[in-house]
$ cat target_27.txt   # compact mmCIF, C-alpha atoms
# COMPACT_ATOMS: atom_id res chain seq x y z
CA MET A 6 -41.91 139.75 -6.48
CA ALA A 7 -39.21 137.07 -6.44
CA HIS A 8 -35.64 137.86 -5.47
CA PRO A 9 -33.63 134.86 -6.69
CA LYS A 10 -30.36 136.46 -5.61
CA LEU A 11 -29.83 139.11 -2.97
CA SER A 12 -28.19 142.40 -3.90
CA PRO A 13 -25.09 143.69 -2.04
CA TRP A 14 -27.38 146.22 -0.28
CA GLN A 15 -29.60 143.38 0.96
CA TYR A 16 -26.56 141.47 2.26
CA THR A 17 -25.54 144.70 4.05
CA ILE A 18 -28.98 144.78 5.74
CA LEU A 19 -28.50 141.15 6.91
CA GLY A 20 -25.02 142.10 8.18
CA LEU A 21 -26.48 145.05 10.10
CA ILE A 22 -28.99 142.68 11.75
CA SER A 23 -26.13 140.42 12.90
CA ILE A 24 -24.00 143.29 14.20
CA CYS A 25 -26.44 145.87 15.63
CA ALA A 26 -28.34 143.57 18.05
CA PRO A 27 -25.33 142.15 19.98
CA LEU A 28 -23.49 145.50 19.98
CA GLY A 29 -26.64 147.27 21.20
CA ASP A 30 -27.14 144.73 24.01
CA THR A 31 -23.47 145.07 25.00
CA CYS A 32 -23.74 148.90 25.14
CA LEU A 33 -26.91 148.68 27.28
CA SER A 34 -25.26 146.17 29.61
CA ARG A 35 -22.14 148.31 29.97
CA GLY A 36 -24.18 151.48 30.53
CA MET A 37 -26.48 149.92 33.13
CA THR A 38 -23.68 148.29 35.14
CA HIS A 39 -21.89 151.66 35.43
CA LEU A 40 -24.99 153.31 36.94
CA PRO A 41 -25.88 153.20 40.64
CA ALA A 42 -28.67 150.75 41.52
CA ILE A 43 -32.06 151.99 40.29
CA THR A 44 -35.04 151.41 42.60
CA LEU A 45 -38.77 151.68 41.94
CA ALA A 46 -38.85 154.46 44.56
CA HIS A 47 -37.01 156.73 42.08
CA PRO A 48 -38.29 155.78 38.61
CA ALA A 49 -37.13 159.11 37.13
CA THR A 50 -33.52 157.85 37.30
CA LEU A 51 -34.48 155.23 34.67
CA ILE A 52 -35.48 158.07 32.30
CA GLU A 53 -32.20 159.88 33.04
CA ALA A 54 -30.32 156.64 32.26
CA VAL A 55 -31.63 156.81 28.66
CA PHE A 56 -29.57 159.97 28.08
CA THR A 57 -26.23 158.55 29.31
CA PRO A 58 -23.80 157.95 26.39
CA TRP A 59 -23.54 154.12 26.47
CA ILE A 60 -27.30 153.59 26.83
CA ALA A 61 -28.12 156.19 24.17
CA VAL A 62 -25.72 154.44 21.75
CA GLY A 63 -27.22 151.05 22.70
CA ILE A 64 -30.76 152.26 22.01
CA ALA A 65 -29.67 153.78 18.67
CA LEU A 66 -28.07 150.44 17.67
CA LEU A 67 -31.20 148.48 18.69
CA ILE A 68 -33.38 150.88 16.66
CA GLY A 69 -30.99 150.23 13.74
CA PHE A 70 -31.39 146.48 14.32
CA PHE A 71 -35.20 146.65 14.33
CA ALA A 72 -35.31 148.82 11.19
CA SER A 73 -32.93 146.41 9.37
CA TYR A 74 -34.91 143.40 10.62
CA LEU A 75 -38.22 144.81 9.35
CA THR A 76 -36.62 145.72 6.01
CA ALA A 77 -35.22 142.19 5.61
CA LEU A 78 -38.60 140.62 6.45
CA SER A 79 -40.18 142.67 3.64
CA TRP A 80 -38.11 140.82 0.97
CA ALA A 81 -36.99 137.57 2.63
CA ASP A 82 -38.60 134.66 4.48
CA LEU A 83 -38.64 134.58 8.29
CA THR A 84 -36.78 131.25 8.20
CA TYR A 85 -34.06 132.95 6.09
CA VAL A 86 -33.70 136.05 8.32
CA ILE A 87 -33.78 134.34 11.75
CA PRO A 88 -30.41 132.52 11.35
CA ALA A 89 -28.84 135.93 10.53
CA THR A 90 -29.94 137.18 13.96
CA ALA A 91 -28.41 134.07 15.58
CA PHE A 92 -25.12 134.75 13.78
CA GLY A 93 -24.76 137.81 16.06
CA ASN A 94 -23.91 135.38 18.89
CA VAL A 95 -20.92 134.17 16.86
CA ILE A 96 -19.74 137.76 16.27
CA VAL A 97 -19.92 138.50 20.02
CA ALA A 98 -17.99 135.30 20.85
CA LEU A 99 -15.27 136.07 18.28
CA LEU A 100 -15.02 139.72 19.48
CA SER A 101 -14.65 138.54 23.07
CA ARG A 102 -11.92 136.09 21.97
CA TYR A 103 -9.82 138.32 19.71
CA TRP A 104 -10.60 141.81 21.08
CA LEU A 105 -11.10 141.21 24.81
CA HIS A 106 -8.76 138.15 24.82
CA GLU A 107 -11.27 136.02 26.74
CA SER A 108 -10.90 132.27 26.51
CA ILE A 109 -13.51 130.25 24.65
CA SER A 110 -14.22 126.68 25.74
CA LEU A 111 -14.29 123.76 23.28
CA GLN A 112 -18.10 123.60 23.72
CA ARG A 113 -18.44 127.24 22.62
CA TRP A 114 -16.17 126.70 19.59
CA ALA A 115 -18.48 123.79 18.67
CA GLY A 116 -21.45 126.19 18.98
CA ILE A 117 -19.71 128.75 16.73
CA VAL A 118 -19.02 126.10 14.07
CA LEU A 119 -22.63 124.79 14.16
CA ILE A 120 -24.19 128.28 13.85
CA THR A 121 -21.79 129.23 11.04
CA VAL A 122 -22.53 126.02 9.11
CA GLY A 123 -26.29 126.49 9.70
CA VAL A 124 -26.26 130.12 8.48
CA GLY A 125 -24.14 129.06 5.47
CA PHE A 126 -26.71 126.35 4.66
CA VAL A 127 -29.60 128.84 4.61
CA ALA A 128 -27.63 131.53 2.76
CA GLN A 129 -26.96 129.08 -0.11
CA GLY A 130 -30.70 128.63 -0.72
CA PRO A 131 -33.42 130.99 -2.01
CA SER A 132 -34.25 133.95 0.25
CA LEU A 133 -37.97 134.04 -0.53
CA THR A 134 -40.68 131.44 -1.11
CA VAL A 135 -41.89 132.01 -4.67
CA ARG A 136 -45.59 131.28 -5.09
CA PRO A 137 -47.19 130.71 -8.51
CA ALA A 138 -49.14 133.78 -9.63
CA PRO A 139 -52.96 133.42 -9.52
CA VAL A 140 -54.49 132.34 -12.86
CA ALA A 141 -56.65 135.51 -13.15
CA GLU A 142 -53.60 137.74 -12.83
CA GLU A 143 -51.68 135.68 -15.39
CA GLU A 144 -54.51 136.02 -17.90
CA GLN A 145 -54.68 139.78 -17.25
CA VAL A 146 -50.97 140.03 -18.05
CA ARG A 147 -51.51 138.19 -21.35
CA MET B 19 -26.78 141.36 39.63
CA MET B 20 -29.44 139.71 41.79
CA MET B 21 -29.46 135.93 41.48
CA PRO B 22 -32.69 133.96 41.90
CA ASN B 23 -33.07 132.70 45.46
CA PRO B 24 -32.37 128.91 45.45
CA ALA B 25 -34.86 128.47 48.32
CA THR B 26 -37.67 129.76 46.10
CA GLN B 27 -36.56 128.04 42.86
CA PRO B 28 -39.65 126.87 40.96
CA GLY B 29 -40.18 123.19 40.12
CA PRO B 30 -39.52 121.72 36.66
CA TRP B 31 -43.15 122.23 35.52
CA ALA B 32 -43.18 125.91 36.54
CA ALA B 33 -39.80 126.44 34.84
CA THR B 34 -41.11 124.73 31.69
CA ALA B 35 -44.23 126.93 31.74
CA MET B 36 -42.13 130.11 32.07
CA ILE B 37 -39.85 129.15 29.16
CA ALA B 38 -42.87 128.01 27.10
CA ALA B 39 -44.53 131.42 27.66
CA ILE B 40 -41.43 133.19 26.28
CA VAL B 41 -41.17 130.83 23.29
CA ILE B 42 -44.89 131.02 22.37
CA ALA B 43 -45.14 134.82 22.70
CA SER B 44 -41.86 135.32 20.85
CA THR B 45 -42.89 133.00 17.99
CA ALA B 46 -46.31 134.67 17.68
CA GLY B 47 -44.62 138.09 17.63
CA GLU B 48 -42.05 137.09 14.97
CA VAL B 49 -44.65 135.43 12.71
CA LEU B 50 -47.11 138.35 12.95
CA THR B 51 -44.32 140.87 12.26
CA ALA B 52 -43.14 138.81 9.27
CA ALA B 53 -46.75 138.57 7.97
CA ALA B 54 -47.11 142.34 8.37
CA MET B 55 -43.94 143.06 6.41
CA LYS B 56 -44.93 140.62 3.64
CA SER B 57 -48.35 142.31 3.32
CA ILE B 58 -46.72 145.78 3.18
CA GLY B 59 -44.25 144.79 0.44
CA ASP B 60 -40.58 145.52 -0.25
CA LEU B 61 -39.63 148.44 2.06
CA ASP B 62 -36.68 149.38 -0.18
CA GLU B 63 -39.08 149.89 -3.11
CA ILE B 64 -41.57 151.85 -0.94
CA ARG B 65 -38.70 154.06 0.29
CA ALA B 66 -37.57 154.65 -3.30
CA HIS B 67 -41.09 155.77 -4.31
CA SER B 68 -42.44 157.51 -1.19
CA GLY B 69 -39.31 158.30 0.82
CA LEU B 70 -38.48 157.30 4.40
CA LYS B 71 -41.69 158.90 5.75
CA GLY B 72 -43.77 156.82 3.35
CA ALA B 73 -41.98 153.62 4.44
CA ILE B 74 -42.50 154.44 8.15
CA ARG B 75 -46.18 155.28 7.48
CA ALA B 76 -46.65 151.95 5.67
CA VAL B 77 -45.29 150.07 8.69
CA ILE B 78 -47.05 151.94 11.50
CA THR B 79 -50.45 151.80 9.81
CA SER B 80 -50.37 147.97 9.69
CA PRO B 81 -52.54 146.35 12.44
CA LEU B 82 -50.59 143.07 12.02
CA PHE B 83 -47.36 144.93 12.85
CA PHE B 84 -48.82 146.24 16.13
CA ALA B 85 -50.16 142.78 17.00
CA GLY B 86 -46.63 141.41 16.42
CA VAL B 87 -44.98 144.11 18.51
CA GLY B 88 -47.57 143.46 21.26
CA PHE B 89 -46.61 139.76 21.39
CA LEU B 90 -42.88 140.67 21.33
CA ALA B 91 -43.54 142.93 24.35
CA VAL B 92 -45.29 140.04 26.12
CA ALA B 93 -42.26 137.85 25.32
CA PHE B 94 -39.92 140.50 26.77
CA PHE B 95 -41.87 140.77 30.04
CA SER B 96 -42.17 136.97 30.23
CA LEU B 97 -38.37 136.86 29.93
CA LEU B 98 -37.98 139.39 32.75
CA PHE B 99 -40.41 137.36 34.90
CA ALA B 100 -38.53 134.11 34.17
CA LEU B 101 -35.17 135.75 34.95
CA ASN B 102 -36.59 136.76 38.32
CA HIS B 103 -37.14 133.07 39.19
CA LEU B 104 -34.65 131.09 37.07
CA ASN B 105 -30.96 131.31 36.18
CA LEU B 106 -29.94 133.21 33.05
CA SER B 107 -27.80 130.21 31.99
CA LEU B 108 -31.00 128.15 31.69
CA VAL B 109 -33.50 130.72 30.39
CA ALA B 110 -31.39 132.41 27.67
CA PRO B 111 -30.14 129.33 25.74
CA ALA B 112 -33.35 127.34 26.20
CA SER B 113 -35.68 130.11 25.00
CA ALA B 114 -33.37 131.27 22.17
CA SER B 115 -32.79 127.81 20.71
CA LEU B 116 -36.38 126.57 21.10
CA THR B 117 -37.70 129.74 19.45
CA LEU B 118 -35.61 128.95 16.35
CA VAL B 119 -37.38 125.61 15.88
CA THR B 120 -40.89 126.88 16.72
CA ASN B 121 -40.34 129.77 14.27
CA ALA B 122 -39.54 127.30 11.48
CA VAL B 123 -42.70 125.27 12.28
CA ALA B 124 -44.90 128.39 12.55
CA ALA B 125 -43.44 129.90 9.34
CA LYS B 126 -44.31 126.69 7.45
CA ILE B 127 -47.87 126.49 8.85
CA PHE B 128 -48.95 130.14 9.02
CA LEU B 129 -46.73 131.95 6.50
CA LYS B 130 -46.67 128.99 4.05
CA GLU B 131 -42.91 129.38 3.69
CA ASN B 132 -41.05 126.69 1.81
CA VAL B 133 -39.16 125.22 4.80
CA ASP B 134 -37.23 122.58 2.87
CA ARG B 135 -34.66 120.09 4.15
CA ARG B 136 -31.92 122.74 3.90
CA ARG B 137 -33.80 125.14 6.22
CA TRP B 138 -34.78 122.40 8.71
CA THR B 139 -31.13 121.32 8.91
CA ALA B 140 -30.04 124.93 9.39
CA ALA B 141 -32.68 125.51 12.11
CA VAL B 142 -31.53 122.45 14.05
CA LEU B 143 -27.79 123.29 13.61
CA VAL B 144 -28.29 126.91 14.73
CA CYS B 145 -30.55 125.76 17.60
CA VAL B 146 -27.90 123.37 18.97
CA GLY B 147 -25.18 125.96 18.26
CA VAL B 148 -26.96 128.71 20.22
CA TYR B 149 -27.46 126.27 23.11
CA LEU B 150 -23.76 125.31 23.17
CA LEU B 151 -22.65 128.93 22.84
CA ALA B 152 -24.90 130.36 25.55
CA HIS B 153 -24.95 127.48 28.05

$ encode --input "target_27.txt" --output "structure tokens"
Amino acid sequence: MAHPKLSPWQYTILGLISICAPLGDTCLSRGMTHLPAITLAHPATLIEAVFTPWIAVGIALLIGFFASYLTALSWADLTYVIPATAFGNVIVALLSRYWLHESISLQRWAGIVLITVGVGFVAQGPSLTVRPAPVAEEEQVR
Amino acid sequence: MMMPNPATQPGPWAATAMIAAIVIASTAGEVLTAAAMKSIGDLDEIRAHSGLKGAIRAVITSPLFFAGVGFLAVAFFSLLFALNHLNLSLVAPASASLTLVTNAVAAKIFLKENVDRRRWTAAVLVCVGVYLLAH
């Protein structure tokens, strides 16, 4: 079925893809760096790590990302959805600039502009490749 | 964080092979997952008719989905292996940006997606952007 224009709900799914993956990775990173070093001699500590707050939140966000990603792939092309995942890098960079007050080099600003323009390019076009219906099906409809 | 030992840094061919393994496995995983979701149909519609359980059942009973997840797991462990030998500043931007282009090529060939000039331009812009942002 063709979806010439995405609904607000579908744009929300694409937004969740962009936000959940980088936030999930950040939570995992923060959780793991606050834990003592885990060695292969004590693998059970890795299981315990799953139940610490930051890592649990990170895993929940990554599950949210994967569910949104699969949902988007069910009604949009892969080449339409992939740039949305890349846009997460821009969100992380802007959060680090305006929330954590980190400095962003000119090279990174150039990267942000290129990704934003690229995502804008794709978003302007159709979300799904529409294939002509098979002749037999068309005749059945008539 | 442990940094790769410079004394045991692999040569350019070994580094290329490690990054290629990530890119190939990742692209195969993404394309198979996308093919699985296209064959299942619109998940929002399935959820409206059969509920969340029905949507989850539709996904986890698809062999293509498991093949895709299997390749994504291979890509993840290839990434861990590469990070054990190479710097993150090389592996992350190189694999992320190359995967964008290989995905566009694979989507055109295997999924028959209409990758027009607009999408090629976007793939290249995002590819260079990710490289600049992560490098």

$ interface_residues --input "target_27.txt" --of "chain A" --to "chain B" --cutoff "10 Å" --atoms "only C-alpha atoms" --output "PyMOL selection string"
chain A and resi 6+14-15+38+42+72+74-89+91-92+94-95+98+109-131+133-136

$ atom_distance --input "target_27.txt" --atom1 "atom CA of Ala32 of chain B" --atom2 "atom CA of Phe89 of chain B"
20.8 Å

$ residues_around --input "target_27.txt" --residues "segment 61-65 of chain A" --least-positions-apart "2" --cutoff "8 Å" --atoms "all atoms listed in the file" --output "PyMOL selection string"
chain A and resi 28-33+55-59+67-69

$ residues_around --input "target_27.txt" --residues "Ile24 of chain A" --least-positions-apart "4" --cutoff "8 Å" --atoms "all atoms listed in the file" --output "JSON, numbers by chain"
{"A": [20, 28, 93, 96]}

$ atom_distance --input "target_27.txt" --atom1 "atom CA of Thr45 of chain B" --atom2 "atom CA of Ala76 of chain B"
22.9 Å

$ closest_residue --input "target_27.txt" --among "A:Leu66, A:Ala46, A:Ile60, A:Ile52" --to "Pro27 of chain A" --atoms "only C-alpha atoms"
A:Leu66

$ atom_distance --input "target_27.txt" --atom1 "atom CA of Ile42 of chain B" --atom2 "atom CA of Leu116 of chain B"
9.7 Å

$ decode --input "target_27.txt" --residues "segment 34-52 of chain A" --atoms "N, CA and C atoms" --output "PDB file, in the first residue's frame"
ATOM      1  N   SER A  34      26.812   4.064  28.176  1.00  0.00           N
ATOM      2  CA  SER A  34      28.180   4.529  28.385  1.00  0.00           C
ATOM      3  C   SER A  34      28.350   5.077  29.799  1.00  0.00           C
ATOM      4  N   ARG A  35      27.385   5.895  30.217  1.00  0.00           N
ATOM      5  CA  ARG A  35      27.460   6.491  31.558  1.00  0.00           C
ATOM      6  C   ARG A  35      27.386   5.409  32.640  1.00  0.00           C
ATOM      7  N   GLY A  36      26.481   4.446  32.442  1.00  0.00           N
ATOM      8  CA  GLY A  36      26.327   3.366  33.419  1.00  0.00           C
ATOM      9  C   GLY A  36      27.577   2.510  33.528  1.00  0.00           C
ATOM     10  N   MET A  37      28.167   2.158  32.369  1.00  0.00           N
ATOM     11  CA  MET A  37      29.324   1.261  32.382  1.00  0.00           C
ATOM     12  C   MET A  37      30.568   1.940  32.948  1.00  0.00           C
ATOM     13  N   THR A  38      30.720   3.255  32.699  1.00  0.00           N
ATOM     14  CA  THR A  38      31.919   3.931  33.202  1.00  0.00           C
ATOM     15  C   THR A  38      31.847   4.138  34.719  1.00  0.00           C
ATOM     16  N   HIS A  39      30.620   4.093  35.297  1.00  0.00           N
ATOM     17  CA  HIS A  39      30.495   4.256  36.745  1.00  0.00           C
ATOM     18  C   HIS A  39      30.639   2.936  37.490  1.00  0.00           C
ATOM     19  N   LEU A  40      30.772   1.827  36.748  1.00  0.00           N
ATOM     20  CA  LEU A  40      30.925   0.521  37.392  1.00  0.00           C
ATOM     21  C   LEU A  40      32.407   0.187  37.525  1.00  0.00           C
ATOM     22  N   PRO A  41      32.775  -0.621  38.532  1.00  0.00           N
ATOM     23  CA  PRO A  41      34.167  -1.084  38.587  1.00  0.00           C
ATOM     24  C   PRO A  41      34.454  -1.996  37.393  1.00  0.00           C
ATOM     25  N   ALA A  42      35.745  -2.129  37.035  1.00  0.00           N
ATOM     26  CA  ALA A  42      36.118  -2.917  35.863  1.00  0.00           C
ATOM     27  C   ALA A  42      35.573  -4.340  35.960  1.00  0.00           C
ATOM     28  N   ILE A  43      34.960  -4.797  34.853  1.00  0.00           N
ATOM     29  CA  ILE A  43      34.385  -6.151  34.834  1.00  0.00           C
ATOM     30  C   ILE A  43      35.377  -7.077  34.128  1.00  0.00           C
ATOM     31  N   THR A  44      35.704  -8.205  34.770  1.00  0.00           N
ATOM     32  CA  THR A  44      36.629  -9.157  34.148  1.00  0.00           C
ATOM     33  C   THR A  44      35.878 -10.432  33.788  1.00  0.00           C
ATOM     34  N   LEU A  45      36.494 -11.213  32.885  1.00  0.00           N
ATOM     35  CA  LEU A  45      35.870 -12.474  32.466  1.00  0.00           C
ATOM     36  C   LEU A  45      35.853 -13.488  33.607  1.00  0.00           C
ATOM     37  N   ALA A  46      36.692 -13.241  34.637  1.00  0.00           N
ATOM     38  CA  ALA A  46      36.728 -14.158  35.787  1.00  0.00           C
ATOM     39  C   ALA A  46      35.419 -14.081  36.585  1.00  0.00           C
ATOM     40  N   HIS A  47      34.736 -12.926  36.515  1.00  0.00           N
ATOM     41  CA  HIS A  47      33.472 -12.756  37.241  1.00  0.00           C
ATOM     42  C   HIS A  47      32.367 -12.301  36.283  1.00  0.00           C
ATOM     43  N   PRO A  48      31.936 -13.192  35.399  1.00  0.00           N
ATOM     44  CA  PRO A  48      30.937 -12.777  34.390  1.00  0.00           C
ATOM     45  C   PRO A  48      29.580 -12.404  34.996  1.00  0.00           C
ATOM     46  N   ALA A  49      29.299 -12.892  36.212  1.00  0.00           N
ATOM     47  CA  ALA A  49      27.995 -12.599  36.826  1.00  0.00           C
ATOM     48  C   ALA A  49      27.822 -11.094  37.056  1.00  0.00           C
ATOM     49  N   THR A  50      28.936 -10.369  37.231  1.00  0.00           N
ATOM     50  CA  THR A  50      28.836  -8.923  37.462  1.00  0.00           C
ATOM     51  C   THR A  50      28.234  -8.213  36.244  1.00  0.00           C
ATOM     52  N   LEU A  51      28.427  -8.816  35.042  1.00  0.00           N
ATOM     53  CA  LEU A  51      27.862  -8.243  33.819  1.00  0.00           C
ATOM     54  C   LEU A  51      26.334  -8.341  33.860  1.00  0.00           C
ATOM     55  N   ILE A  52      25.825  -9.460  34.418  1.00  0.00           N
ATOM     56  CA  ILE A  52      24.371  -9.634  34.547  1.00  0.00           C
ATOM     57  C   ILE A  52      23.830  -8.620  35.567  1.00  0.00           C
TER      58      ILE A  52
END
